[in-house]
$ cat run-v3.tsv   # TSV, C-alpha atoms (C1' of nucleotides)
chain	number	residue	atom	x	y	z
A	275	MET	CA	166.57	32.60	-76.60
A	276	ILE	CA	164.09	30.79	-74.41
A	277	GLU	CA	165.48	27.91	-72.40
A	278	ARG	CA	163.52	24.75	-73.00
A	279	THR	CA	162.24	23.83	-69.57
A	280	ALA	CA	159.62	21.21	-70.36
A	281	PRO	CA	161.06	18.20	-72.14
A	282	SER	CA	158.66	16.37	-74.45
A	283	LEU	CA	159.15	13.18	-72.44
A	284	ASN	CA	156.88	12.37	-69.52
A	285	LEU	CA	158.56	9.67	-67.44
A	286	ARG	CA	155.46	8.19	-65.87
A	287	LYS	CA	153.56	7.93	-69.13
A	288	THR	CA	156.55	6.56	-71.01
A	289	LEU	CA	157.70	4.00	-68.45
A	290	LEU	CA	154.33	2.76	-67.22
A	291	CYS	CA	152.34	2.64	-70.47
A	292	GLY	CA	153.06	-1.04	-71.09
A	293	GLN	CA	155.86	-0.77	-73.65
A	294	CYS	CA	158.49	-1.92	-71.13
A	295	PHE	CA	158.40	-4.10	-68.03
A	296	ARG	CA	161.56	-3.45	-66.02
A	297	TRP	CA	160.75	0.01	-64.66
A	298	ARG	CA	158.95	0.64	-61.38
A	299	GLU	CA	157.84	3.72	-59.53
A	300	ILE	CA	159.66	3.04	-56.28
A	301	ALA	CA	158.40	6.26	-54.63
A	302	PRO	CA	156.12	9.02	-55.87
A	303	ASP	CA	157.67	10.36	-59.10
A	304	VAL	CA	160.83	8.28	-58.61
A	305	PHE	CA	161.45	5.62	-61.24
A	306	SER	CA	163.96	2.81	-61.14
A	307	GLY	CA	164.87	0.35	-63.85
A	308	THR	CA	167.47	-1.86	-65.48
A	309	VAL	CA	168.56	-1.49	-69.11
A	310	GLY	CA	171.33	-3.74	-70.37
A	311	ASN	CA	173.83	-3.89	-67.54
A	312	ARG	CA	172.94	-0.44	-66.21
A	313	HIS	CA	170.62	0.44	-63.40
A	314	LEU	CA	169.09	3.90	-63.15
A	315	THR	CA	166.93	5.69	-60.63
A	316	LEU	CA	165.59	9.06	-61.74
A	317	THR	CA	162.89	11.67	-61.56
A	318	GLN	CA	161.41	13.98	-64.17
A	319	GLN	CA	163.83	16.68	-63.02
A	320	ASP	CA	166.82	14.53	-64.02
A	321	LEU	CA	165.87	14.48	-67.70
A	322	PRO	CA	167.70	17.63	-68.88
A	323	ARG	CA	170.91	16.28	-67.34
A	324	LEU	CA	170.30	12.92	-68.98
A	325	ARG	CA	170.58	14.58	-72.38
A	326	GLN	CA	174.33	14.76	-71.80
A	327	ASP	CA	174.59	10.97	-71.46
A	328	PRO	CA	174.76	9.31	-74.89
A	329	PHE	CA	173.44	5.95	-73.67
A	330	TRP	CA	170.32	7.26	-71.95
A	331	CYS	CA	169.78	9.90	-74.61
A	332	ILE	CA	169.37	7.11	-77.15
A	333	TYR	CA	167.35	4.87	-74.84
A	334	PHE	CA	164.80	7.56	-74.04
A	335	ASP	CA	164.85	8.72	-77.68
A	336	LEU	CA	165.50	12.30	-76.62
A	337	ASN	CA	166.65	13.43	-80.06
A	338	THR	CA	163.41	12.62	-81.87
A	339	ASP	CA	161.01	15.53	-82.32
A	340	TYR	CA	157.85	14.07	-80.77
A	341	GLU	CA	156.06	17.39	-80.78
A	342	THR	CA	156.13	17.50	-84.57
A	343	LEU	CA	155.07	13.87	-84.88
A	344	ARG	CA	152.24	14.45	-82.44
A	345	LYS	CA	151.00	17.47	-84.38
A	346	GLN	CA	151.11	15.54	-87.64
A	347	LEU	CA	149.04	12.70	-86.16
A	348	SER	CA	146.63	15.11	-84.47
A	349	ALA	CA	145.78	16.64	-87.82
A	350	LEU	CA	144.62	13.30	-89.27
A	351	HIS	CA	141.42	12.84	-87.27
A	352	PRO	CA	139.65	14.55	-84.33
A	353	ASN	CA	139.74	11.39	-82.24
A	354	LEU	CA	143.39	10.78	-82.97
A	355	ASN	CA	143.90	14.35	-81.86
A	356	LYS	CA	142.30	13.46	-78.52
A	357	ALA	CA	144.38	10.31	-78.22
A	358	ALA	CA	147.54	12.22	-79.06
A	359	GLN	CA	146.75	14.86	-76.46
A	360	HIS	CA	146.22	12.14	-73.88
A	361	GLY	CA	149.45	10.42	-74.89
A	362	CYS	CA	151.45	13.64	-74.98
A	363	GLY	CA	154.76	12.90	-73.30
A	364	ILE	CA	155.06	9.29	-74.40
A	365	HIS	CA	158.32	8.43	-76.12
A	366	ILE	CA	158.89	5.11	-77.83
A	367	LEU	CA	161.89	3.75	-75.95
A	368	ARG	CA	164.78	2.22	-77.86
A	369	GLN	CA	164.86	-1.13	-76.11
A	370	GLU	CA	167.04	-4.12	-76.88
A	371	PRO	CA	165.44	-6.30	-79.57
A	372	TRP	CA	165.93	-9.64	-77.82
A	373	GLU	CA	164.63	-8.45	-74.48
A	374	THR	CA	161.64	-6.89	-76.24
A	375	LEU	CA	160.82	-10.01	-78.25
A	376	CYS	CA	161.03	-12.20	-75.17
A	377	SER	CA	159.02	-9.76	-73.06
A	378	PHE	CA	156.16	-9.56	-75.54
A	379	ILE	CA	156.06	-13.35	-75.92
A	380	ILE	CA	155.55	-13.39	-72.16
A	381	SER	CA	152.95	-10.63	-72.40
A	382	GLN	CA	150.47	-12.63	-74.47
A	383	ASN	CA	147.17	-13.25	-72.72
A	384	ASN	CA	148.72	-11.75	-69.61
A	385	ASN	CA	148.53	-8.71	-67.36
A	386	ILE	CA	151.27	-6.23	-66.54
A	387	PRO	CA	151.89	-7.18	-62.87
A	388	ARG	CA	152.29	-10.83	-63.78
A	389	ILE	CA	154.43	-10.02	-66.82
A	390	GLN	CA	156.73	-7.99	-64.59
A	391	GLY	CA	156.94	-10.83	-62.08
A	392	ILE	CA	157.86	-13.41	-64.72
A	393	ILE	CA	160.51	-11.13	-66.22
A	394	ASP	CA	161.93	-10.38	-62.76
A	395	ARG	CA	162.29	-14.10	-62.12
A	396	LEU	CA	163.77	-14.60	-65.59
A	397	CYS	CA	166.41	-11.99	-64.80
A	398	GLY	CA	167.12	-13.50	-61.41
A	399	GLU	CA	165.89	-10.44	-59.54
A	400	THR	CA	164.37	-12.58	-56.86
A	401	GLU	CA	167.42	-14.75	-56.23
A	402	ALA	CA	169.34	-14.13	-53.06
A	403	CYS	CA	172.29	-11.93	-53.93
A	404	SER	CA	175.74	-12.78	-52.67
A	405	PRO	CA	177.14	-10.34	-50.10
A	406	ALA	CA	179.91	-9.47	-52.54
A	407	ALA	CA	177.34	-8.21	-54.98
A	408	PHE	CA	176.44	-5.43	-52.60
A	409	GLN	CA	179.94	-4.09	-52.17
A	410	ASN	CA	179.37	-1.63	-55.00
A	411	GLY	CA	175.70	-1.09	-54.52
A	412	PRO	CA	172.79	-3.33	-55.46
A	413	ALA	CA	173.51	-6.03	-58.02
A	414	VAL	CA	172.42	-5.36	-61.59
A	415	HIS	CA	170.53	-8.19	-63.21
A	416	PRO	CA	170.79	-7.97	-67.00
A	417	PHE	CA	168.22	-9.67	-69.17
A	418	PRO	CA	169.52	-13.18	-70.01
A	419	GLN	CA	171.07	-13.59	-73.44
A	420	PRO	CA	169.37	-15.88	-75.98
A	421	GLU	CA	172.40	-18.19	-75.93
A	422	THR	CA	171.91	-18.68	-72.19
A	423	LEU	CA	168.22	-19.51	-72.52
A	424	ALA	CA	168.72	-21.66	-75.62
A	425	ALA	CA	170.60	-24.21	-73.54
A	426	LEU	CA	167.76	-24.60	-71.04
A	427	SER	CA	164.70	-26.86	-70.99
A	428	GLU	CA	161.06	-26.25	-70.16
A	429	THR	CA	161.73	-27.86	-66.79
A	430	ASP	CA	164.46	-25.31	-66.17
A	431	LEU	CA	161.98	-22.51	-66.82
A	432	ALA	CA	159.32	-23.94	-64.50
A	433	PRO	CA	160.29	-21.62	-61.61
A	434	LEU	CA	159.35	-18.65	-63.82
A	435	ARG	CA	155.71	-19.80	-63.66
A	436	CYS	CA	155.16	-18.49	-67.17
A	437	GLY	CA	152.90	-21.40	-68.12
A	438	PHE	CA	152.48	-22.35	-71.77
A	439	ARG	CA	154.83	-19.56	-72.81
A	440	ALA	CA	157.95	-21.48	-71.71
A	441	ARG	CA	158.28	-23.38	-74.98
A	442	TYR	CA	157.75	-20.15	-76.93
A	443	ILE	CA	160.61	-18.48	-75.03
A	444	LEU	CA	162.89	-21.45	-75.72
A	445	ASP	CA	162.00	-21.56	-79.42
A	446	ALA	CA	162.71	-17.83	-79.72
A	447	ALA	CA	165.99	-18.13	-77.82
A	448	ARG	CA	167.16	-20.99	-80.02
A	449	LYS	CA	166.21	-19.36	-83.30
A	450	VAL	CA	167.95	-16.12	-82.31
A	451	ALA	CA	170.98	-17.86	-80.81
A	452	ASP	CA	171.62	-20.06	-83.85
A	453	GLY	CA	171.14	-17.20	-86.29
A	454	ASN	CA	167.90	-18.40	-87.88
A	455	VAL	CA	166.40	-15.11	-86.80
A	456	ASN	CA	168.72	-12.13	-87.15
A	457	LEU	CA	167.04	-9.41	-85.13
A	458	GLU	CA	169.41	-6.62	-86.15
A	459	ALA	CA	168.71	-7.30	-89.83
A	460	LEU	CA	165.05	-6.52	-89.16
A	461	ARG	CA	165.82	-2.87	-88.58
A	462	THR	CA	166.06	-2.24	-92.30
A	463	ALA	CA	164.16	-5.19	-93.81
A	464	PRO	CA	160.83	-4.45	-95.53
A	465	LEU	CA	158.07	-4.48	-92.92
A	466	ALA	CA	156.24	-7.51	-94.32
A	467	GLU	CA	159.47	-9.47	-94.49
A	468	ALA	CA	160.43	-8.51	-90.94
A	469	ARG	CA	157.03	-9.67	-89.69
A	470	ALA	CA	157.34	-12.98	-91.54
A	471	VAL	CA	160.77	-13.64	-90.05
A	472	LEU	CA	159.55	-13.04	-86.50
A	473	MET	CA	156.47	-15.18	-87.05
A	474	GLN	CA	158.67	-18.17	-87.82
A	475	ILE	CA	159.03	-18.35	-84.05
A	476	THR	CA	156.48	-20.51	-82.29
A	477	GLY	CA	154.28	-18.29	-80.18
A	478	VAL	CA	154.90	-15.15	-82.22
A	479	GLY	CA	151.85	-13.92	-84.11
A	480	PRO	CA	151.12	-10.60	-85.78
A	481	LYS	CA	150.77	-8.65	-82.55
A	482	VAL	CA	153.88	-9.92	-80.81
A	483	ALA	CA	155.78	-9.40	-84.08
A	484	ASP	CA	154.63	-5.81	-84.43
A	485	CYS	CA	155.30	-5.00	-80.78
A	486	THR	CA	158.83	-6.37	-81.19
A	487	LEU	CA	159.36	-4.27	-84.31
A	488	LEU	CA	157.99	-1.10	-82.74
A	489	TYR	CA	159.45	-1.28	-79.26
A	490	GLY	CA	162.56	-3.42	-79.84
A	491	LEU	CA	163.69	-2.19	-83.26
A	492	HIS	CA	162.08	1.25	-83.20
A	493	ARG	CA	160.21	0.49	-86.39
A	494	MET	CA	157.73	3.35	-86.12
A	495	ASP	CA	156.04	2.04	-89.26
A	496	ALA	CA	154.91	-1.12	-87.44
A	497	PHE	CA	151.26	-1.05	-86.43
A	498	PRO	CA	149.70	-3.95	-84.50
A	499	VAL	CA	146.45	-4.42	-86.40
A	500	ASP	CA	144.73	-7.05	-84.32
A	501	VAL	CA	140.98	-7.49	-84.26
A	502	TRP	CA	140.62	-5.30	-81.22
A	503	MET	CA	142.53	-2.45	-82.72
A	504	LYS	CA	140.78	-2.82	-86.05
A	505	ARG	CA	137.47	-2.52	-84.24
A	506	ALA	CA	138.66	0.58	-82.39
A	507	MET	CA	139.93	1.99	-85.66
A	508	GLY	CA	136.69	1.31	-87.44
A	509	GLN	CA	134.56	2.80	-84.72
A	510	TRP	CA	136.68	5.70	-83.70
A	511	PHE	CA	138.50	6.61	-86.87
A	512	PRO	CA	136.02	5.94	-89.63
A	513	GLY	CA	137.51	6.33	-93.04
A	514	VAL	CA	141.06	6.62	-91.79
A	515	ASP	CA	143.48	4.07	-93.20
A	516	PRO	CA	146.36	3.28	-90.81
A	517	VAL	CA	148.59	3.57	-93.85
A	518	SER	CA	147.98	7.33	-93.72
A	519	PHE	CA	149.72	7.35	-90.34
A	520	GLY	CA	152.88	6.64	-92.30
A	521	SER	CA	156.14	6.38	-90.46
A	522	ALA	CA	154.50	7.42	-87.19
A	523	ALA	CA	151.91	4.61	-87.24
A	524	GLY	CA	153.50	2.92	-84.24
A	525	LEU	CA	153.36	6.08	-82.20
A	526	ALA	CA	149.74	6.54	-83.24
A	527	GLN	CA	148.82	3.10	-82.03
A	528	GLN	CA	150.58	3.73	-78.71
A	529	TYR	CA	148.56	6.93	-78.29
A	530	ILE	CA	145.34	5.10	-79.15
A	531	PHE	CA	146.06	2.18	-76.85
A	532	ASP	CA	146.93	4.46	-73.97
A	533	TRP	CA	143.79	6.47	-74.58
A	534	VAL	CA	141.58	3.40	-74.68
A	535	ARG	CA	143.21	1.82	-71.65
A	536	SER	CA	142.63	4.98	-69.66
A	537	GLY	CA	138.94	4.37	-70.18
A	538	ALA	CA	138.46	6.70	-73.13
A	539	SER	CA	134.85	6.60	-72.75
A	540	GLU	CA	132.37	4.72	-74.81
A	541	GLU	CA	130.45	7.95	-75.30
A	542	GLU	CA	133.36	9.30	-77.33
A	543	ILE	CA	132.73	6.63	-79.94
A	544	PRO	CA	130.99	8.32	-82.81
A	545	GLY	CA	127.86	6.92	-84.37
B	102	DG	C1'	135.58	-20.87	-85.05
B	103	DG	C1'	136.14	-22.87	-80.48
B	104	DC	C1'	138.83	-24.09	-77.05
B	105	DC	C1'	142.80	-24.41	-74.30
B	106	DA	C1'	147.32	-23.18	-72.21
B	107	DG	C1'	149.39	-20.18	-65.82
B	108	DG	C1'	148.13	-17.28	-62.72
B	109	DA	C1'	147.17	-12.80	-60.87
B	110	DA	C1'	144.13	-8.86	-60.15
B	111	DG	C1'	139.87	-6.69	-59.91
B	112	DA	C1'	134.90	-7.01	-59.79
B	113	DT	C1'	131.04	-9.07	-57.95
B	114	DC	C1'	128.45	-11.69	-54.89
C	72	DG	C1'	135.83	-14.94	-48.12
C	73	DA	C1'	134.47	-17.31	-52.41
C	74	DT	C1'	133.72	-17.10	-57.12
C	75	DC	C1'	133.65	-15.17	-61.61
C	76	DT	C1'	135.93	-12.45	-65.42
C	77	DT	C1'	139.56	-10.59	-67.82
C	78	DC	C1'	144.09	-10.45	-69.84
C	79	DA	C1'	147.48	-5.74	-76.42
C	80	DT	C1'	147.45	-14.11	-77.59
C	81	DG	C1'	148.65	-18.08	-80.51
C	82	DG	C1'	148.24	-22.84	-81.87
C	83	DC	C1'	145.81	-26.88	-82.65

$ encode --input "run-v3.tsv" --output "structure tokens"
Amino acid sequence: MIERTAPSLNLRKTLLCGQCFRWREIAPDVFSGTVGNRHLTLTQQDLPRLRQDPFWCIYFDLNTDYETLRKQLSALHPNLNKAAQHGCGIHILRQEPWETLCSFIISQNNNIPRIQGIIDRLCGETEACSPAAFQNGPAVHPFPQPETLAALSETDLAPLRCGFRARYILDAARKVADGNVNLEALRTAPLAEARAVLMQITGVGPKVADCTLLYGLHRMDAFPVDVWMKRAMGQWFPGVDPVSFGSAAGLAQQYIFDWVRSGASEEEIPG
DNA sequence: GGCCAGGAAGATC
DNA sequence: GATCTTCATGGC
């Protein structure tokens, strides 16, 4: 029996690929982040041990066979094969739906450093911590609950410096808090229905909806088909219908995005 | 379809 | 240094 020494998850690729915004590389190969009311600092070497922890095992999706999914996607098209090779090691994290929805509302027309800054301020990371908070180590700053945000006003959110997105955050918080949008129910709802429910929220369009479904509800069938991605699909995957990606469509799009963002060269575009 | 809504980062001058 | 340009957008 050969001991499995190389887990399918690559921490850097997974945590810094733009699917989440509360992880930082605080030193070379050392990653630190907050999930729920837990704070974790780890390196790639800590992953095998993490398998024993039910919470982190679920969060990092360690029980999904990404190697098989990656092989299935690779077989669909030569360019998807390249993208999948580049994205090898990316897991789709199982993030909290509300935090994910709110984060991707903030992400629209925005860049990652600024998104991280806004979310840090939203979570109170930049507030001065009381001395008592440090008695048992650094204070953990959970993502604010929708009920908390629902009671606030745009003026209250001004210190976040999130611009026009403030009213979108408040509308989302209120619709989730009062039950108009039941995020948990979207785990099993038909994809089209789940999208429609999310798009009732002001400031949530097709892309934010699909990102919420993929990253927040682990709907691997969700595929953000915006104009940009459609163009990339048409140019780089001629004749391939995203439907053929099936239940791994979300993973495929993450591979493609990561590949494109890395500068997957124009010369690789066929024809 | 065009434009506008923060602000930060990177490119360019 | 100053000045563009861009940003996984959505709404009017």

$ interface_residues --input "run-v3.tsv" --of "chain A" --to "chain B" --cutoff "12 Å" --atoms "only C-alpha atoms (C1' of nucleotides)" --output "list in words"
Ile380, Gln382, Asn383, Asn384, Asn385, Ile386, Pro387, Arg388, Ile389, Gln390, Gly391, Ile392, Ala432, Pro433, Leu434, Arg435, Cys436, Gly437, Phe438, Arg439, Ala440, Arg441, Tyr442 and Gly477 of chain A

$ atom_distance --input "run-v3.tsv" --atom1 "CA of Asn353 (chain A)" --atom2 "CA of Tyr340 (chain A)"
18.4 Å

$ interface_residues --input "run-v3.tsv" --of "chain C" --to "chain A" --cutoff "9 Å" --atoms "all atoms listed in the file" --output "PyMOL selection string"
chain C and resi 78-82

$ residues_around --input "run-v3.tsv" --residues "Leu321 (chain A)" --least-positions-apart "4" --cutoff "10 Å" --atoms "all atoms listed in the file" --output "PyMOL selection string"
chain A and resi 280-281+283-285+316-317+325-326+330-331+334+336

$ atom_distance --input "run-v3.tsv" --atom1 "CA of Gly508 (chain A)" --atom2 "CA of Pro352 (chain A)"
13.9 Å

$ atom_distance --input "run-v3.tsv" --atom1 "CA of Pro371 (chain A)" --atom2 "CA of Thr429 (chain A)"
25.3 Å

$ closest_residue --input "run-v3.tsv" --among "A:Pro302, A:Gly361, A:Gly307, A:Pro512" --to "Trp533 (chain A)" --atoms "only C-alpha atoms"
A:Gly361

$ residues_around --input "run-v3.tsv" --residues "Ala468 (chain A)" --least-positions-apart "6" --cutoff "9 Å" --atoms "all atoms listed in the file" --output "compact mmCIF listing (two decimals) with C-alpha atoms, keeping the file's coordinate frame"
# COMPACT_ATOMS: atom_id res chain seq x y z
CA LEU A 457 167.04 -9.41 -85.13
CA ALA A 459 168.71 -7.30 -89.83
CA LEU A 460 165.05 -6.52 -89.16
CA ARG A 461 165.82 -2.87 -88.58
CA THR A 462 166.06 -2.24 -92.30
CA ALA A 483 155.78 -9.40 -84.08
CA LEU A 487 159.36 -4.27 -84.31

$ residues_around --input "run-v3.tsv" --residues "Ala446 (chain A)" --least-positions-apart "2" --cutoff "8 Å" --atoms "all atoms listed in the file" --output "list in words"
Cys376, Pro420, Tyr442, Ile443, Leu444, Arg448, Lys449, Val450, Ile475 and Thr476 of chain A

$ write_last_selection --input "run-v3.tsv" --atoms "C-alpha atoms" --output "PDB file, keeping the file's coordinate frame"
ATOM      1  CA  CYS A 376     161.030 -12.200 -75.170  1.00  0.00           C
ATOM      2  CA  PRO A 420     169.370 -15.880 -75.980  1.00  0.00           C
ATOM      3  CA  TYR A 442     157.750 -20.150 -76.930  1.00  0.00           C
ATOM      4  CA  ILE A 443     160.610 -18.480 -75.030  1.00  0.00           C
ATOM      5  CA  LEU A 444     162.890 -21.450 -75.720  1.00  0.00           C
ATOM      6  CA  ARG A 448     167.160 -20.990 -80.020  1.00  0.00           C
ATOM      7  CA  LYS A 449     166.210 -19.360 -83.300  1.00  0.00           C
ATOM      8  CA  VAL A 450     167.950 -16.120 -82.310  1.00  0.00           C
ATOM      9  CA  ILE A 475     159.030 -18.350 -84.050  1.00  0.00           C
ATOM     10  CA  THR A 476     156.480 -20.510 -82.290  1.00  0.00           C
TER      11      THR A 476
END

$ axis_aligned_box --input "run-v3.tsv" --around "region 76-83 of chain C" --padding-each-side "4 Å" --output "AutoDock Vina command-line options"
--center_x 142.3 --center_y -16.3 --center_z -74.0 --size_x 20.7 --size_y 29.1 --size_z 25.2

$ decode --input "run-v3.tsv" --residues "region 451-465 of chain A" --atoms "N, CA, C and O atoms" --output "JSON list (two decimals), in the first residue's frame"
[["chain", "number", "residue", "atom", "x", "y", "z"],
["A", 451, "ALA", "N", -32.38, 38.16, 5.72],
["A", 451, "ALA", "CA", -32.78, 38.19, 7.12],
["A", 451, "ALA", "C", -34.28, 37.97, 7.29],
["A", 451, "ALA", "O", -34.72, 37.29, 8.22],
["A", 452, "ASP", "N", -35.08, 38.52, 6.38],
["A", 452, "ASP", "CA", -36.53, 38.39, 6.55],
["A", 452, "ASP", "C", -37.09, 37.14, 5.86],
["A", 452, "ASP", "O", -38.30, 36.92, 5.83],
["A", 453, "GLY", "N", -36.21, 36.34, 5.29],
["A", 453, "GLY", "CA", -36.66, 35.06, 4.74],
["A", 453, "GLY", "C", -37.14, 35.10, 3.31],
["A", 453, "GLY", "O", -37.53, 34.07, 2.76],
["A", 454, "ASN", "N", -37.11, 36.29, 2.69],
["A", 454, "ASN", "CA", -37.51, 36.37, 1.28],
["A", 454, "ASN", "C", -36.59, 35.53, 0.41],
["A", 454, "ASN", "O", -37.01, 34.96, -0.59],
["A", 455, "VAL", "N", -35.32, 35.50, 0.79],
["A", 455, "VAL", "CA", -34.36, 34.65, 0.09],
["A", 455, "VAL", "C", -33.84, 33.62, 1.10],
["A", 455, "VAL", "O", -33.22, 33.98, 2.09],
["A", 456, "ASN", "N", -34.15, 32.36, 0.84],
["A", 456, "ASN", "CA", -33.71, 31.27, 1.71],
["A", 456, "ASN", "C", -32.50, 30.59, 1.05],
["A", 456, "ASN", "O", -32.65, 29.77, 0.15],
["A", 457, "LEU", "N", -31.32, 30.98, 1.50],
["A", 457, "LEU", "CA", -30.11, 30.51, 0.84],
["A", 457, "LEU", "C", -29.96, 28.99, 0.92],
["A", 457, "LEU", "O", -29.57, 28.35, -0.07],
["A", 458, "GLU", "N", -30.27, 28.42, 2.06],
["A", 458, "GLU", "CA", -30.10, 26.97, 2.21],
["A", 458, "GLU", "C", -30.97, 26.20, 1.22],
["A", 458, "GLU", "O", -30.58, 25.14, 0.73],
["A", 459, "ALA", "N", -32.15, 26.75, 0.93],
["A", 459, "ALA", "CA", -33.07, 26.05, 0.01],
["A", 459, "ALA", "C", -32.49, 25.99, -1.40],
["A", 459, "ALA", "O", -32.92, 25.17, -2.22],
["A", 460, "LEU", "N", -31.51, 26.87, -1.67],
["A", 460, "LEU", "CA", -30.94, 26.92, -3.02],
["A", 460, "LEU", "C", -29.96, 25.78, -3.29],
["A", 460, "LEU", "O", -29.53, 25.60, -4.42],
["A", 461, "ARG", "N", -29.63, 25.04, -2.24],
["A", 461, "ARG", "CA", -28.71, 23.92, -2.44],
["A", 461, "ARG", "C", -29.32, 22.87, -3.35],
["A", 461, "ARG", "O", -28.63, 22.23, -4.14],
["A", 462, "THR", "N", -30.63, 22.69, -3.22],
["A", 462, "THR", "CA", -31.29, 21.60, -3.96],
["A", 462, "THR", "C", -32.27, 22.11, -5.00],
["A", 462, "THR", "O", -32.79, 21.31, -5.78],
["A", 463, "ALA", "N", -32.52, 23.42, -5.03],
["A", 463, "ALA", "CA", -33.48, 23.95, -6.02],
["A", 463, "ALA", "C", -32.91, 23.77, -7.43],
["A", 463, "ALA", "O", -31.70, 23.72, -7.61],
["A", 464, "PRO", "N", -33.80, 23.66, -8.44],
["A", 464, "PRO", "CA", -33.31, 23.64, -9.83],
["A", 464, "PRO", "C", -32.45, 24.87, -10.09],
["A", 464, "PRO", "O", -32.74, 25.95, -9.56],
["A", 465, "LEU", "N", -31.41, 24.69, -10.91],
["A", 465, "LEU", "CA", -30.44, 25.76, -11.12],
["A", 465, "LEU", "C", -31.08, 27.07, -11.57],
["A", 465, "LEU", "O", -30.79, 28.14, -11.03]]
